[in-house]
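The file query-v3.cif comes next; it holds mmCIF, C-alpha atoms.
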data_target
#
loop_
_atom_site.label_atom_id
_atom_site.label_comp_id
_atom_site.auth_asym_id
_atom_site.auth_seq_id
_atom_site.Cartn_x
_atom_site.Cartn_y
_atom_site.Cartn_z
CA MET A 696 29.57 -205.41 19.27
CA LYS A 697 30.96 -203.48 16.35
CA LYS A 698 29.81 -206.17 13.93
CA THR A 699 26.28 -206.08 15.33
CA LEU A 700 26.17 -202.33 14.92
CA ILE A 701 27.27 -202.56 11.30
CA ALA A 702 24.75 -205.32 10.64
CA ALA A 703 22.05 -203.21 12.22
CA ALA A 704 23.09 -200.22 10.14
CA ILE A 705 22.96 -202.28 6.96
CA ALA A 706 19.61 -203.77 7.88
CA GLY A 707 18.35 -200.31 8.70
CA SER A 708 19.48 -198.84 5.41
CA THR A 709 17.93 -201.74 3.47
CA LEU A 710 14.65 -201.17 5.23
CA PHE A 711 14.92 -197.50 4.48
CA THR A 712 15.56 -198.11 0.79
CA SER A 713 12.63 -200.50 0.34
CA ALA A 714 10.37 -198.15 2.30
CA ALA A 715 11.44 -195.27 0.09
CA MET A 716 10.53 -197.22 -3.03
CA ALA A 717 7.04 -198.03 -1.90
CA GLU A 718 4.51 -195.28 -2.15
CA ASP A 719 2.65 -194.30 0.98
CA TYR A 720 -0.99 -193.39 0.79
CA LYS A 721 -3.35 -191.86 3.28
CA ILE A 722 -6.91 -193.14 3.01
CA ASP A 723 -9.07 -190.27 1.85
CA THR A 724 -11.63 -190.14 4.63
CA GLU A 725 -11.51 -186.37 4.58
CA GLY A 726 -12.96 -186.22 1.08
CA GLN A 727 -15.10 -189.30 1.81
CA HIS A 728 -13.69 -191.46 -0.91
CA ALA A 729 -13.49 -194.44 1.35
CA PHE A 730 -16.18 -196.70 2.74
CA ILE A 731 -16.32 -199.51 5.22
CA GLU A 732 -19.60 -201.23 4.62
CA PHE A 733 -21.07 -204.47 5.82
CA LYS A 734 -24.00 -206.59 4.93
CA ILE A 735 -25.71 -209.27 6.91
CA SER A 736 -28.66 -211.47 6.13
CA HIS A 737 -31.95 -210.55 7.74
CA LEU A 738 -33.58 -213.87 8.64
CA GLY A 739 -32.30 -215.25 5.36
CA TYR A 740 -34.79 -213.15 3.42
CA SER A 741 -32.87 -210.03 2.49
CA TRP A 742 -29.61 -208.14 2.96
CA LEU A 743 -29.22 -205.51 5.61
CA TYR A 744 -26.52 -202.94 4.86
CA GLY A 745 -24.62 -200.82 7.30
CA ARG A 746 -21.37 -198.96 7.52
CA PHE A 747 -18.83 -197.39 9.81
CA ASN A 748 -18.74 -193.66 9.22
CA ASP A 749 -15.53 -192.83 11.05
CA PHE A 750 -12.22 -194.52 10.41
CA GLU A 751 -8.73 -193.69 9.30
CA GLY A 752 -5.86 -195.51 7.76
CA SER A 753 -3.00 -195.68 5.37
CA PHE A 754 -1.46 -198.11 2.97
CA SER A 755 1.74 -198.49 1.11
CA TYR A 756 1.95 -199.96 -2.35
CA ASP A 757 4.64 -200.44 -4.89
CA GLU A 758 3.41 -201.27 -8.37
CA ASN A 759 6.64 -203.13 -9.15
CA ALA A 760 6.51 -205.11 -5.94
CA PRO A 761 2.85 -205.47 -4.91
CA GLU A 762 3.80 -208.30 -2.54
CA ASN A 763 5.25 -205.64 -0.23
CA ALA A 764 1.92 -203.85 0.13
CA SER A 765 0.71 -203.12 3.63
CA VAL A 766 -2.43 -201.62 5.09
CA ASN A 767 -3.46 -200.19 8.45
CA VAL A 768 -7.00 -199.19 9.30
CA THR A 769 -8.55 -198.05 12.58
CA ILE A 770 -12.33 -197.95 12.82
CA ASP A 771 -14.36 -195.99 15.37
CA THR A 772 -16.91 -198.67 16.23
CA SER A 773 -19.37 -196.20 17.70
CA SER A 774 -19.82 -194.73 14.23
CA VAL A 775 -21.82 -197.78 13.14
CA ASP A 776 -24.73 -196.64 11.03
CA THR A 777 -27.57 -198.78 9.70
CA ASN A 778 -29.95 -195.87 9.19
CA HIS A 779 -32.03 -196.81 12.24
CA ALA A 780 -31.29 -195.11 15.58
CA GLU A 781 -32.78 -197.84 17.78
CA ARG A 782 -30.86 -200.56 15.98
CA ASP A 783 -27.61 -198.58 16.00
CA LYS A 784 -27.99 -198.08 19.75
CA HIS A 785 -28.45 -201.83 20.13
CA LEU A 786 -25.42 -202.53 17.92
CA ARG A 787 -23.24 -200.26 20.06
CA GLY A 788 -24.35 -202.03 23.24
CA ASP A 789 -23.07 -205.16 24.95
CA ASP A 790 -25.04 -207.54 22.72
CA PHE A 791 -22.88 -206.57 19.76
CA LEU A 792 -19.95 -204.17 19.50
CA SER A 793 -19.62 -203.08 23.18
CA VAL A 794 -18.27 -199.77 21.99
CA SER A 795 -17.69 -198.34 25.44
CA ASP A 796 -15.26 -201.19 26.20
CA HIS A 797 -13.92 -201.51 22.67
CA PRO A 798 -14.13 -198.14 20.94
CA THR A 799 -11.96 -199.16 18.01
CA ALA A 800 -11.57 -202.02 15.59
CA THR A 801 -8.26 -202.30 13.82
CA PHE A 802 -6.75 -204.08 10.89
CA GLU A 803 -3.02 -204.50 10.42
CA SER A 804 -1.83 -206.39 7.40
CA THR A 805 0.91 -208.98 7.72
CA LYS A 806 1.41 -209.95 4.08
CA TYR A 807 -0.04 -209.48 0.65
CA VAL A 808 -0.16 -212.32 -1.84
CA PRO A 809 -0.88 -211.19 -5.39
CA ASP A 810 -2.94 -213.57 -7.53
CA ASP A 811 -0.99 -215.45 -10.15
CA ASP A 812 -3.84 -215.42 -12.66
CA ASP A 813 -5.56 -212.09 -12.19
CA GLU A 814 -3.51 -208.95 -12.38
CA GLY A 815 -4.44 -206.43 -9.75
CA GLU A 816 -6.04 -209.00 -7.49
CA GLY A 817 -4.70 -210.65 -4.44
CA THR A 818 -5.17 -211.69 -0.85
CA LEU A 819 -4.31 -209.41 2.01
CA HIS A 820 -3.56 -211.25 5.23
CA GLY A 821 -3.58 -209.52 8.56
CA ASN A 822 -4.80 -209.21 12.10
CA PHE A 823 -8.26 -207.86 12.63
CA THR A 824 -9.34 -206.76 16.08
CA LEU A 825 -13.05 -206.40 16.74
CA ASN A 826 -14.82 -206.33 20.09
CA GLY A 827 -11.45 -206.86 21.74
CA VAL A 828 -10.78 -210.12 19.89
CA THR A 829 -7.92 -210.37 17.41
CA LYS A 830 -8.14 -212.88 14.56
CA GLU A 831 -6.12 -213.50 11.48
CA ILE A 832 -8.18 -212.78 8.40
CA ALA A 833 -7.64 -212.86 4.64
CA ILE A 834 -9.21 -210.10 2.60
CA GLU A 835 -9.80 -210.64 -1.10
CA VAL A 836 -8.50 -207.49 -2.72
CA GLU A 837 -8.98 -205.96 -6.11
CA HIS A 838 -6.91 -203.05 -7.35
CA ILE A 839 -9.41 -200.66 -8.93
CA GLY A 840 -7.19 -197.98 -10.41
CA ALA A 841 -4.59 -195.32 -9.89
CA GLY A 842 -3.48 -192.08 -11.42
CA GLU A 843 -3.31 -188.35 -11.16
CA ASP A 844 -6.36 -186.55 -9.91
CA PRO A 845 -7.53 -183.21 -11.38
CA TRP A 846 -6.17 -181.27 -8.38
CA GLY A 847 -2.48 -182.10 -8.56
CA GLY A 848 -2.48 -185.22 -6.42
CA PHE A 849 -2.06 -188.91 -7.08
CA ARG A 850 -4.65 -191.45 -5.99
CA ARG A 851 -4.99 -195.19 -5.84
CA GLY A 852 -8.01 -197.27 -4.95
CA PHE A 853 -8.78 -200.81 -3.86
CA GLU A 854 -11.77 -202.80 -2.84
CA GLY A 855 -11.54 -205.67 -0.41
CA GLU A 856 -14.04 -208.20 0.85
CA VAL A 857 -14.00 -210.60 3.74
CA ASP A 858 -16.58 -212.75 5.51
CA LEU A 859 -16.45 -212.62 9.28
CA THR A 860 -18.15 -215.02 11.66
CA LEU A 861 -19.62 -212.88 14.44
CA ALA A 862 -19.19 -215.56 17.11
CA ASP A 863 -15.42 -215.53 16.46
CA TYR A 864 -15.39 -212.03 17.86
CA GLY A 865 -17.48 -212.82 20.90
CA ILE A 866 -20.69 -211.56 19.32
CA ASP A 867 -23.13 -214.39 19.89
CA TYR A 868 -26.47 -212.59 19.94
CA ASN A 869 -28.86 -214.87 18.09
CA LEU A 870 -29.92 -213.21 14.85
CA GLY A 871 -30.86 -216.54 13.32
CA PRO A 872 -29.07 -219.27 11.40
CA ALA A 873 -28.74 -217.17 8.25
CA ALA A 874 -27.06 -214.29 10.05
CA LYS A 875 -24.02 -215.86 11.63
CA GLU A 876 -21.67 -214.19 9.21
CA VAL A 877 -21.28 -210.62 8.13
CA GLN A 878 -19.63 -209.59 4.89
CA LEU A 879 -17.30 -206.65 5.28
CA THR A 880 -16.41 -204.55 2.27
CA LEU A 881 -13.61 -202.03 2.36
CA SER A 882 -13.66 -199.62 -0.50
CA ILE A 883 -10.73 -197.32 -0.10
CA GLU A 884 -9.04 -194.59 -2.04
CA GLY A 885 -5.68 -193.31 -0.90
CA VAL A 886 -3.94 -190.05 -1.67
CA ARG A 887 -0.20 -190.44 -2.17
CA GLN A 888 1.78 -188.61 0.48
CA MET B 1061 -67.01 -183.75 41.61
CA TRP B 1062 -64.31 -183.40 38.95
CA LYS B 1063 -62.51 -180.40 40.37
CA ASN B 1064 -60.35 -180.18 43.48
CA THR B 1065 -61.52 -178.26 46.51
CA SER B 1066 -59.51 -176.97 49.46
CA ASP B 1067 -60.07 -180.18 51.42
CA LYS B 1068 -60.57 -182.78 48.73
CA TYR B 1069 -59.14 -184.02 45.43
CA GLY B 1070 -61.59 -184.08 42.53
CA LEU B 1071 -62.19 -187.20 40.49
CA THR B 1072 -60.01 -185.92 37.62
CA ALA B 1073 -56.93 -185.63 39.81
CA VAL B 1074 -57.65 -188.96 41.51
CA LEU B 1075 -58.09 -190.85 38.26
CA ILE B 1076 -55.05 -189.29 36.61
CA HIS B 1077 -52.92 -189.99 39.70
CA TRP B 1078 -53.70 -193.69 39.92
CA LEU B 1079 -53.72 -194.22 36.17
CA SER B 1080 -50.30 -192.55 35.92
CA ALA B 1081 -48.97 -194.68 38.78
CA LEU B 1082 -50.15 -197.82 37.00
CA ILE B 1083 -48.67 -196.76 33.65
CA ILE B 1084 -45.36 -195.59 35.19
CA PHE B 1085 -44.68 -198.83 37.05
CA GLY B 1086 -46.03 -200.84 34.12
CA LEU B 1087 -43.73 -199.05 31.68
CA PHE B 1088 -40.75 -199.50 33.97
CA ALA B 1089 -41.36 -203.23 34.32
CA LEU B 1090 -42.02 -203.63 30.59
CA GLY B 1091 -38.96 -201.57 29.70
CA TRP B 1092 -36.71 -203.61 31.93
CA TRP B 1093 -38.12 -206.93 30.77
CA MET B 1094 -37.84 -205.84 27.12
CA LEU B 1095 -34.07 -205.68 27.48
CA THR B 1096 -33.95 -209.41 28.17
CA LEU B 1097 -35.88 -210.36 25.04
CA THR B 1098 -34.10 -211.99 22.15
CA TYR B 1099 -34.54 -211.47 18.45
CA TYR B 1100 -36.86 -214.41 17.98
CA ASP B 1101 -39.23 -213.54 20.84
CA GLU B 1102 -42.70 -212.53 19.78
CA TRP B 1103 -42.48 -209.57 22.16
CA TYR B 1104 -39.21 -208.34 20.63
CA ARG B 1105 -41.29 -206.03 18.48
CA LEU B 1106 -44.52 -205.92 20.52
CA GLY B 1107 -42.81 -204.82 23.74
CA PRO B 1108 -41.34 -201.60 22.34
CA TRP B 1109 -44.60 -200.94 20.47
CA TRP B 1110 -46.65 -200.99 23.69
CA HIS B 1111 -43.89 -199.21 25.62
CA LYS B 1112 -43.78 -196.32 23.15
CA SER B 1113 -47.55 -196.13 22.72
CA PHE B 1114 -48.17 -195.94 26.47
CA GLY B 1115 -45.17 -193.65 26.94
CA ILE B 1116 -46.53 -191.04 24.52
CA THR B 1117 -50.00 -191.44 26.07
CA LEU B 1118 -48.51 -190.75 29.49
CA LEU B 1119 -46.68 -187.71 28.14
CA ILE B 1120 -49.92 -186.24 26.80
CA VAL B 1121 -51.79 -187.09 30.00
CA THR B 1122 -49.04 -185.56 32.13
CA VAL B 1123 -49.02 -182.30 30.19
CA LEU B 1124 -52.80 -182.07 30.65
CA ARG B 1125 -52.37 -183.02 34.29
CA VAL B 1126 -49.91 -180.18 34.91
CA LEU B 1127 -52.25 -177.72 33.20
CA TRP B 1128 -55.15 -179.04 35.29
CA THR B 1129 -53.09 -178.65 38.47
CA LEU B 1130 -52.19 -175.08 37.56
CA ILE B 1131 -55.78 -173.94 36.99
CA ASN B 1132 -57.17 -175.82 39.98
CA THR B 1133 -57.08 -175.31 43.71
CA LYS B 1134 -55.32 -177.94 45.79
CA PRO B 1135 -56.32 -179.52 49.07
CA LYS B 1136 -54.26 -178.10 51.94
CA PRO B 1137 -51.22 -180.26 52.63
CA LEU B 1138 -51.08 -182.00 55.98
CA GLY B 1139 -48.19 -182.43 58.40
CA SER B 1140 -45.49 -180.19 59.81
CA LYS B 1141 -43.91 -177.30 57.94
CA PHE B 1142 -40.86 -179.44 57.27
CA GLU B 1143 -42.99 -182.30 55.93
CA ARG B 1144 -44.96 -179.97 53.70
CA LEU B 1145 -41.79 -178.49 52.26
CA GLY B 1146 -40.38 -181.98 51.71
CA ALA B 1147 -43.59 -183.12 50.05
CA LYS B 1148 -43.58 -180.12 47.75
CA ALA B 1149 -39.96 -180.70 46.73
CA GLY B 1150 -40.65 -184.42 46.28
CA HIS B 1151 -43.67 -183.82 44.08
CA PHE B 1152 -41.77 -181.30 41.97
CA LEU B 1153 -38.95 -183.81 41.53
CA LEU B 1154 -41.43 -186.54 40.55
CA TYR B 1155 -42.81 -184.32 37.80
CA LEU B 1156 -39.33 -183.28 36.70
CA LEU B 1157 -38.09 -186.87 36.48
CA LEU B 1158 -41.27 -187.92 34.73
CA PHE B 1159 -40.68 -185.37 31.98
CA ILE B 1160 -36.98 -186.24 31.72
CA VAL B 1161 -37.83 -189.94 31.34
CA MET B 1162 -40.50 -189.34 28.73
CA ILE B 1163 -38.60 -186.77 26.70
CA SER B 1164 -35.38 -188.83 26.71
CA GLY B 1165 -37.35 -191.88 25.60
CA PHE B 1166 -38.88 -189.87 22.80
CA LEU B 1167 -35.40 -188.69 21.75
CA ILE B 1168 -34.09 -192.27 21.45
CA SER B 1169 -36.67 -193.47 18.98
CA THR B 1170 -36.84 -190.25 16.98
CA ALA B 1171 -33.06 -189.69 16.77
CA ASP B 1172 -33.02 -190.73 13.11
CA GLY B 1173 -36.10 -188.69 12.25
CA SER B 1174 -38.55 -191.58 12.62
CA SER B 1175 -41.92 -190.80 14.10
CA ILE B 1176 -43.44 -192.77 16.98
CA SER B 1177 -46.63 -194.66 16.33
CA VAL B 1178 -49.15 -194.57 19.17
CA PHE B 1179 -51.25 -197.75 19.13
CA ASP B 1180 -51.11 -197.54 15.30
CA TRP B 1181 -53.72 -194.83 15.78
CA PHE B 1182 -51.66 -191.71 15.18
CA SER B 1183 -47.96 -190.88 15.15
CA VAL B 1184 -45.87 -188.23 16.77
CA PRO B 1185 -43.17 -186.79 14.50
CA ALA B 1186 -39.53 -186.32 15.45
CA VAL B 1187 -38.60 -182.90 16.79
CA ILE B 1188 -34.87 -183.04 17.56
CA THR B 1189 -32.76 -185.34 15.39
CA ASP B 1190 -29.18 -186.19 14.50
CA LEU B 1191 -27.48 -184.72 17.55
CA PRO B 1192 -24.09 -186.43 18.07
CA LYS B 1193 -24.73 -189.83 19.70
CA GLN B 1194 -28.31 -188.74 20.39
CA GLU B 1195 -29.81 -192.21 20.79
CA ASP B 1196 -27.00 -193.36 23.10
CA ILE B 1197 -27.01 -190.32 25.40
CA ALA B 1198 -30.82 -190.22 25.45
CA GLY B 1199 -30.73 -193.94 26.21
CA ASP B 1200 -28.50 -193.49 29.25
CA VAL B 1201 -30.58 -190.58 30.50
CA HIS B 1202 -33.76 -192.61 29.97
CA TRP B 1203 -32.51 -195.55 32.02
CA TYR B 1204 -31.08 -193.59 34.98
CA SER B 1205 -33.97 -191.13 35.19
CA ALA B 1206 -36.49 -193.98 34.99
CA LEU B 1207 -34.67 -195.81 37.77
CA SER B 1208 -34.61 -192.64 39.90
CA LEU B 1209 -38.28 -192.06 39.18
CA VAL B 1210 -39.47 -195.46 40.38
CA ILE B 1211 -37.27 -195.24 43.47
CA LEU B 1212 -38.66 -191.78 44.29
CA ALA B 1213 -42.20 -192.94 43.51
CA GLY B 1214 -41.62 -195.84 45.88
CA GLY B 1215 -40.58 -193.33 48.56
CA HIS B 1216 -43.67 -191.27 47.73
CA GLY B 1217 -45.81 -194.38 48.32
CA LEU B 1218 -44.02 -195.20 51.60
CA ALA B 1219 -44.53 -191.62 52.77
CA ALA B 1220 -48.25 -191.96 52.07
CA LEU B 1221 -48.35 -195.21 54.06
CA LYS B 1222 -46.50 -193.51 56.90
CA HIS B 1223 -49.15 -190.79 56.94
CA HIS B 1224 -51.85 -193.43 56.95
CA PHE B 1225 -50.56 -195.88 59.51
CA ILE B 1226 -48.27 -193.82 61.71
CA ASN B 1227 -49.67 -190.30 61.65
CA LYS B 1228 -53.16 -191.70 61.05
CA ASP B 1229 -54.09 -188.63 59.01
CA SER B 1230 -56.15 -188.49 55.83
CA THR B 1231 -53.31 -187.96 53.31
CA LEU B 1232 -53.71 -191.36 51.66
CA ILE B 1233 -57.50 -191.58 51.68
CA ARG B 1234 -57.66 -188.09 50.18
CA MET B 1235 -55.94 -189.54 47.15
CA PHE B 1236 -59.01 -191.74 46.74
CA GLY B 1237 -61.27 -188.66 46.65
CA LYS B 1238 -62.36 -188.90 50.27
CA THR B 1239 -62.08 -186.10 52.83
CA LYS B 1240 -61.82 -187.55 56.31
CA ARG B 1241 -61.06 -190.95 57.69
CA LYS B 1242 -63.27 -192.45 60.32
CA SER B 1243 -61.40 -192.51 63.58
#
How does the structure come out when it is put into structure tokens?
Amino acid sequence: MKKTLIAAAIAGSTLFTSAAMAEDYKIDTEGQHAFIEFKISHLGYSWLYGRFNDFEGSFSYDENAPENASVNVTIDTSSVDTNHAERDKHLRGDDFLSVSDHPTATFESTKYVPDDDDEGEGTLHGNFTLNGVTKEIAIEVEHIGAGEDPWGGFRRGFEGEVDLTLADYGIDYNLGPAAKEVQLTLSIEGVRQ
Amino acid sequence: MWKNTSDKYGLTAVLIHWLSALIIFGLFALGWWMLTLTYYDEWYRLGPWWHKSFGITLLIVTVLRVLWTLINTKPKPLGSKFERLGAKAGHFLLYLLLFIVMISGFLISTADGSSISVFDWFSVPAVITDLPKQEDIAGDVHWYSALSLVILAGGHGLAALKHHFINKDSTLIRMFGKTKRKS
């Protein structure tokens, strides 16, 4: 019993130390320096762009140990915006996002694998929940930059991209053979806490 | 001929009544069927186009109809005091629902500031835009008020048939511009 307690205490302190070393960032949705955009093919002839206007999240990143990076994002699915009210209404309905049943989509990272060749790039693995379905995804991430901002804060930004197959998330409305996948782009800037 | 008298509906009221009935039930059926269409159906775009064109037409016709009713006399209602009161309340509710359905429909399509094209002939600009969740709330209101409207209109029709076949009065035939039924 005593041994377990000591072990737990040691484990706890180790966790605490590594957590203290990593920097925690809050995604700057307040200042709108973060975007969750998507694009999907329209009939194979052009790209249709849309975005989620409301989301929140945080990430932690240690420049000396990027492999410890982690990210959490929660998206308000009803904030989908493709600049067309009738289409947005359709997207929120049961044919697509079923926002009344599934008001949020979430991403929780499980591990980050930095690229060996390209500095500042890597693959972020994690669980993505959309339309009530959770799948493991791998987001290709690029570190854009970091530094002090002009107002006394410290900021860091990334951009990530991942292709999602709509049918994987129970969205099987037929938009045509060219529109089975949607490309999700997360462009996020975090303010160090 | 065109105007109402104290015992008879004029041709204007008769035509508008039956035309409205046709458009209302037609729009309801079209609107419901539209929801089942898929992206590759030819009517995926045509359905809403006709629905919106006829919907705006009905809105204009109904505004004119109300104005016409206000400046015109009306044939005396038939039936007991209770029936007349019920009929009056029912008719008021029909008009109220009609406007709720049409205005909510208008608010769906114009929520982003788009105008509504009427038969590609003219367009009606947006009036109220960008309210929070405007197209979704307007959409729910549109569906439930439309459903209530056709149910009430069905009751309205049954009441007319009751007058015709049970009371054997001239309520229904008056709606065809006649005065008295042969008995």
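Coordinates place CA of Ile883 in chain A at a distance of 11.7 Å from CA of Ala841 in chain A.
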Give as a PDB file with C-alpha atoms, in the frame of the given file every residue of chain B that touches chain A within 8 Å, counting all atoms listed in the file.
ATOM      1  CA  THR B1098     -34.100-211.990  22.150  1.00  0.00           C
ATOM      2  CA  TYR B1099     -34.540-211.470  18.450  1.00  0.00           C
ATOM      3  CA  TYR B1100     -36.860-214.410  17.980  1.00  0.00           C
ATOM      4  CA  ILE B1168     -34.090-192.270  21.450  1.00  0.00           C
ATOM      5  CA  SER B1169     -36.670-193.470  18.980  1.00  0.00           C
ATOM      6  CA  THR B1170     -36.840-190.250  16.980  1.00  0.00           C
ATOM      7  CA  ALA B1171     -33.060-189.690  16.770  1.00  0.00           C
ATOM      8  CA  ASP B1172     -33.020-190.730  13.110  1.00  0.00           C
ATOM      9  CA  GLU B1195     -29.810-192.210  20.790  1.00  0.00           C
ATOM     10  CA  ASP B1196     -27.000-193.360  23.100  1.00  0.00           C
TER      11      ASP B1196
END
inquiry  = With the PyMOL selection byres ((chain A and resi 827) around 8) as the selection, what would be picked from this file? Answer as a list in words, please.
reply    = His797, Ala800, Thr824, Leu825, Asn826, Val828, Thr829 and Tyr864 of chain A
key: Expansion of the PyMOL selection byres ((chain B and resi 1223) around 12) into residues, as an MDAnalysis selection string   = chainID B and resid 1137:1140 1143 1147 1216:1222 1224:1235 1241
ask   = What does the distance between CA of Leu792 in chain A and CA of Ile735 in chain A come to in Å, to one decimal place?
value =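 Distance reported for this atom pair: 14.8 Å.
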Quick one: range 731-745 of chain A with N, CA and C atoms, as a compact mmCIF listing (two decimals), keeping the file's coordinate frame?
# COMPACT_ATOMS: atom_id res chain seq x y z
N ILE A 731 -16.38 -198.20 4.60
CA ILE A 731 -16.32 -199.51 5.22
C ILE A 731 -17.77 -199.92 5.46
N GLU A 732 -18.19 -200.83 4.62
CA GLU A 732 -19.60 -201.23 4.62
C GLU A 732 -19.70 -202.68 5.06
N PHE A 733 -20.86 -203.05 5.55
CA PHE A 733 -21.07 -204.47 5.82
C PHE A 733 -22.48 -204.84 5.42
N LYS A 734 -22.65 -206.12 5.15
CA LYS A 734 -24.00 -206.59 4.93
C LYS A 734 -24.18 -207.91 5.66
N ILE A 735 -25.39 -208.08 6.16
CA ILE A 735 -25.71 -209.27 6.91
C ILE A 735 -27.12 -209.69 6.54
N SER A 736 -27.34 -210.98 6.52
CA SER A 736 -28.66 -211.47 6.13
C SER A 736 -29.69 -211.16 7.21
N HIS A 737 -30.85 -210.71 6.79
CA HIS A 737 -31.95 -210.55 7.74
C HIS A 737 -32.87 -211.75 7.60
N LEU A 738 -32.75 -212.65 8.57
CA LEU A 738 -33.58 -213.87 8.64
C LEU A 738 -33.41 -214.79 7.44
N GLY A 739 -32.47 -214.46 6.58
CA GLY A 739 -32.30 -215.25 5.36
C GLY A 739 -33.16 -214.75 4.22
N TYR A 740 -33.85 -213.63 4.43
CA TYR A 740 -34.79 -213.15 3.42
C TYR A 740 -34.30 -211.94 2.63
N SER A 741 -33.36 -211.21 3.21
CA SER A 741 -32.87 -210.03 2.49
C SER A 741 -31.52 -209.62 3.08
N TRP A 742 -30.88 -208.65 2.45
CA TRP A 742 -29.61 -208.14 2.96
C TRP A 742 -29.82 -206.83 3.70
N LEU A 743 -29.20 -206.75 4.84
CA LEU A 743 -29.22 -205.51 5.61
C LEU A 743 -27.84 -204.88 5.47
N TYR A 744 -27.79 -203.63 5.06
CA TYR A 744 -26.52 -202.94 4.86
C TYR A 744 -26.25 -201.94 5.97
N GLY A 745 -25.00 -201.83 6.33
CA GLY A 745 -24.62 -200.82 7.30
C GLY A 745 -23.20 -200.39 7.01
